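Below is one structure, written out as structure tokens; comments come after it.
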Amino acid sequence: MSPSASAVTPQYGRADTPDRSAAPPLERGRQWIEEFIMRPHERINREGAVCPFVESSMKAQSFRIEEWPVDPDVDAEGMVELVRRMAEAFEATRWEGRNRVLHTLVLVLTGLPEGSHRLLDEAHTLAKPELVGRGLMLAQFHPACDERAARNPEFEVSRSPVPMLAMRWMAFHDVLFLDSDPEWFAAYEERYGGRHERGSVADPMFAEAFAEARDKWGTA
């Protein structure tokens with residue numbers, strides 16, 4: 001399916017973890033996921049791991065991390081094409097776990113110059129409408145990523161030691177990332193609006209985001 005696959009640092013920068021800057025990119029990405037993403041962090045302003053789904057995804061054998069080479073001269077459109085290939089690979093994968101929400105594909109990108117890491121941000125913006133329409137969610141990670149934690153806008157939670165992309169199916173909590181655009185919210189509402197209407201929402205932050213978006217976009 002890809003050139004190199006596997007069935008995860010200081011938080012990027014924590015002083016109590018060893019320096020692994022000489023490790024291969026795939027290994028550095030995997031270690032960062034294990035040592036940061038899968039652990040609690042006081043700055044995310046909630047209990048549990050930075051991403052509470054990764055451990056469950058791994059236990060369900062629904063987590064893949066792969067290394068994909070990138071042309072060092074790639075531009076934003078070329079990166080969008082890579083994202084499209086990623087989506088095709090994701091949808092074609094025969095996942096072990098039956099819970100689709102846990103299906104996760106992470107790409108560690110090699111060959112991309114440090115000055116081009118911003119292309120991941122541009123590709124994320126450009127590809128998001130198409131992906132959301134397919135029920136897919138994409139996240140980008142790199143050393144200078146400016147994405148912030150949902151509950152703490154001062155925490156740059158997506159800064160990783162190597163450039164990476166992560167893809168999964170849309171989940172219930174994604175209202176936090178899909179409430180700012182009417183088409184994105186419509187795609188979310190189609191899948192999860194009924195659950196909100198039944199009142200089966202444990203986290204009031206999700207319920208509030210959904211109600212505000214529905215009121216804003218007039219989709220009720």
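Quick note on naming: the chains in the structure tokens go A, B, ... in the order shown, residues restart at 1 in each chain, and ligands are numbered from 1 in order of appearance.
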* To do: Please report, as a ChimeraX atom specification, each residue of stretch 18-213 of chain A to which DSSP assigns alpha helix (DSSP H) when run on this structure's backbone.
  => /A:25-32,54-59,76-92,118-133,175-178,182-197,204-213
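With only C-alpha atoms taken into account, the protein and nucleic acid residues at most 12 Å from A:Ala89 (excluding it and anything under 4 positions from it in its own chain) are Met1, Ser2, Arg64, Glu66, Trp68, Leu82, Val83, Arg84, Arg85, Thr93, Arg94, Trp95, Thr104, Leu105, Val106, Leu107, Met167 and Arg168 of chain A.
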Serialized selection, N, CA and C atoms, as an mmCIF file, in the first residue's frame:
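And here is the file that came out, part_33.cif:
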data_model
loop_
_atom_site.group_PDB
_atom_site.id
_atom_site.type_symbol
_atom_site.label_atom_id
_atom_site.label_comp_id
_atom_site.auth_asym_id
_atom_site.auth_seq_id
_atom_site.Cartn_x
_atom_site.Cartn_y
_atom_site.Cartn_z
ATOM 1 N N MET A 1 0.816 -1.195 0.000
ATOM 2 C CA MET A 1 0.000 0.000 0.000
ATOM 3 C C MET A 1 0.855 1.251 0.000
ATOM 4 N N SER A 2 2.038 1.165 0.548
ATOM 5 C CA SER A 2 2.891 2.339 0.617
ATOM 6 C C SER A 2 4.337 1.895 0.741
ATOM 7 N N ARG A 64 -2.629 2.534 11.758
ATOM 8 C CA ARG A 64 -1.502 2.306 10.859
ATOM 9 C C ARG A 64 -0.642 3.559 10.805
ATOM 10 N N GLU A 66 2.705 4.943 8.605
ATOM 11 C CA GLU A 66 3.488 4.633 7.418
ATOM 12 C C GLU A 66 4.405 5.790 7.062
ATOM 13 N N TRP A 68 5.852 7.892 3.939
ATOM 14 C CA TRP A 68 5.667 8.200 2.523
ATOM 15 C C TRP A 68 6.690 9.262 2.112
ATOM 16 N N LEU A 82 -1.252 14.441 -2.761
ATOM 17 C CA LEU A 82 -0.809 13.416 -1.812
ATOM 18 C C LEU A 82 -1.934 13.099 -0.832
ATOM 19 N N VAL A 83 -2.636 14.127 -0.363
ATOM 20 C CA VAL A 83 -3.756 13.912 0.553
ATOM 21 C C VAL A 83 -4.842 13.083 -0.127
ATOM 22 N N ARG A 84 -5.096 13.344 -1.397
ATOM 23 C CA ARG A 84 -6.105 12.555 -2.114
ATOM 24 C C ARG A 84 -5.674 11.092 -2.217
ATOM 25 N N ARG A 85 -4.395 10.861 -2.467
ATOM 26 C CA ARG A 85 -3.895 9.478 -2.507
ATOM 27 C C ARG A 85 -4.008 8.832 -1.131
ATOM 28 N N THR A 93 -8.213 0.413 2.566
ATOM 29 C CA THR A 93 -7.604 -0.465 3.560
ATOM 30 C C THR A 93 -8.637 -1.436 4.132
ATOM 31 N N ARG A 94 -8.226 -2.677 4.300
ATOM 32 C CA ARG A 94 -9.066 -3.676 4.961
ATOM 33 C C ARG A 94 -8.691 -3.662 6.440
ATOM 34 N N TRP A 95 -9.427 -2.898 7.196
ATOM 35 C CA TRP A 95 -9.120 -2.692 8.604
ATOM 36 C C TRP A 95 -9.512 -3.912 9.431
ATOM 37 N N THR A 104 -7.509 4.588 11.731
ATOM 38 C CA THR A 104 -6.599 5.742 11.711
ATOM 39 C C THR A 104 -5.379 5.438 10.857
ATOM 40 N N LEU A 105 -5.096 6.343 9.945
ATOM 41 C CA LEU A 105 -3.885 6.241 9.114
ATOM 42 C C LEU A 105 -3.031 7.474 9.368
ATOM 43 N N VAL A 106 -1.773 7.253 9.755
ATOM 44 C CA VAL A 106 -0.826 8.340 9.984
ATOM 45 C C VAL A 106 0.317 8.194 8.985
ATOM 46 N N LEU A 107 0.642 9.283 8.305
ATOM 47 C CA LEU A 107 1.764 9.305 7.376
ATOM 48 C C LEU A 107 2.885 10.154 7.955
ATOM 49 N N MET A 167 -5.358 10.698 9.265
ATOM 50 C CA MET A 167 -6.695 10.644 8.679
ATOM 51 C C MET A 167 -7.537 9.610 9.407
ATOM 52 N N ARG A 168 -8.816 9.938 9.575
ATOM 53 C CA ARG A 168 -9.785 9.025 10.185
ATOM 54 C C ARG A 168 -11.174 9.420 9.692
#
* If we count only C-alpha atoms, what is near A:Ala171 at a cut-off of 10 Å, once residues fewer than 3 positions away on the same chain are taken out, given as a list in words? -> Arg100, Val101, Leu102, Gly135, Leu136, Met137, Arg168, Asp174, Val175, Tyr188, Arg191 and Tyr192 of chain A
Would you mind exporting N, CA, C and O atoms of the selected residues as a short mmCIF file (atom, residue, chain, number, x, y, z; two decimals), in the first residue's frame?
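So out28.cif came out as:
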data_model
loop_
_atom_site.label_atom_id
_atom_site.label_comp_id
_atom_site.auth_asym_id
_atom_site.auth_seq_id
_atom_site.Cartn_x
_atom_site.Cartn_y
_atom_site.Cartn_z
N ARG A 100 -15.49 1.77 12.82
CA ARG A 100 -14.92 2.69 11.83
C ARG A 100 -14.30 3.93 12.46
O ARG A 100 -13.32 4.47 11.95
N VAL A 101 -14.87 4.39 13.56
CA VAL A 101 -14.36 5.61 14.19
C VAL A 101 -12.92 5.45 14.64
O VAL A 101 -12.18 6.43 14.75
N LEU A 102 -12.47 4.22 14.87
CA LEU A 102 -11.11 3.97 15.33
C LEU A 102 -10.12 3.77 14.20
O LEU A 102 -8.92 3.69 14.44
N GLY A 135 -16.83 12.37 4.50
CA GLY A 135 -16.89 11.88 5.86
C GLY A 135 -15.53 11.63 6.48
O GLY A 135 -15.42 10.90 7.48
N LEU A 136 -14.49 12.28 5.93
CA LEU A 136 -13.13 12.07 6.42
C LEU A 136 -12.61 13.32 7.12
O LEU A 136 -12.95 14.45 6.77
N MET A 137 -11.74 13.09 8.09
CA MET A 137 -11.09 14.17 8.82
C MET A 137 -9.58 14.04 8.67
O MET A 137 -9.04 12.93 8.69
N ARG A 168 -8.82 9.94 9.57
CA ARG A 168 -9.79 9.03 10.18
C ARG A 168 -11.17 9.42 9.69
O ARG A 168 -11.35 10.42 9.01
N ASP A 174 -16.25 15.89 16.43
CA ASP A 174 -15.74 16.77 15.37
C ASP A 174 -16.59 18.00 15.14
O ASP A 174 -16.22 18.87 14.34
N VAL A 175 -17.70 18.13 15.87
CA VAL A 175 -18.45 19.38 15.80
C VAL A 175 -17.55 20.55 16.18
O VAL A 175 -17.73 21.69 15.69
N TYR A 188 -21.66 17.21 9.04
CA TYR A 188 -21.64 16.69 10.42
C TYR A 188 -23.06 16.42 10.91
O TYR A 188 -23.36 15.38 11.47
N ARG A 191 -24.77 13.27 9.87
CA ARG A 191 -24.31 12.05 10.54
C ARG A 191 -24.67 12.01 12.02
O ARG A 191 -24.97 10.93 12.56
N TYR A 192 -24.61 13.14 12.68
CA TYR A 192 -24.74 13.13 14.14
C TYR A 192 -25.82 14.04 14.70
O TYR A 192 -25.97 14.13 15.92
#
May I have a table of the residues of stretch 19-119 of chain A lying at most 9 Å from stretch 147-166 of chain A, giving each one's closest pair of atoms and their distance in Å to one decimal, counting only C-alpha atoms, ordered by chain and ascending residue number, as a tab-separated table?
residue	atom	partner	partner_atom	distance
A:Ser21	CA	A:Pro161	CA	8.2
A:Pro25	CA	A:Val162	CA	6.5
A:Leu26	CA	A:Val162	CA	8.5
A:Arg28	CA	A:Pro161	CA	7.0
A:Gly29	CA	A:Val162	CA	6.2
A:Trp32	CA	A:Ser160	CA	7.0
A:Ile33	CA	A:Ser160	CA	8.8
A:Arg43	CA	A:Phe155	CA	6.5
A:Ile44	CA	A:Asn152	CA	6.0
A:Asn45	CA	A:Arg151	CA	6.0
A:Arg46	CA	A:Arg151	CA	7.8
A:Val50	CA	A:Val157	CA	8.3
A:Ile65	CA	A:Ala166	CA	8.8
A:Val83	CA	A:Leu165	CA	8.4
A:Thr104	CA	A:Ala166	CA	7.0
A:Leu105	CA	A:Ala166	CA	5.6
A:Val106	CA	A:Ala166	CA	4.3
A:Leu107	CA	A:Leu165	CA	5.1
A:Val108	CA	A:Met164	CA	4.5
A:Leu109	CA	A:Pro163	CA	5.6
A:Thr110	CA	A:Pro163	CA	7.7
A:Leu112	CA	A:Pro163	CA	8.0
A:Glu114	CA	A:Pro163	CA	8.8
A:His117	CA	A:Pro163	CA	6.8
* Can you list, as a PyMOL selection string, all residues belonging to stretch 29-169 of chain A that DSSP tags as strand (DSSP E or B)? => chain A and resi 40+49+63-69+104-110+136-141+149+152+164-169
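In this model, the gap between atom CA of A:Ala213 and atom CA of A:Gly193 comes to 11.4 Å.
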* Minimum-distance residue to A:Leu131, chosen among A:Ala187, A:His173, A:Asp179, A:Gly115 (using only C-alpha atoms) -> A:Ala187
* Asked: With only C-alpha atoms as the atoms that count, which of A:Phe210, A:Ala127, A:Phe141, A:Ala76 lies nearest to A:Ile37?
  -> A:Phe141
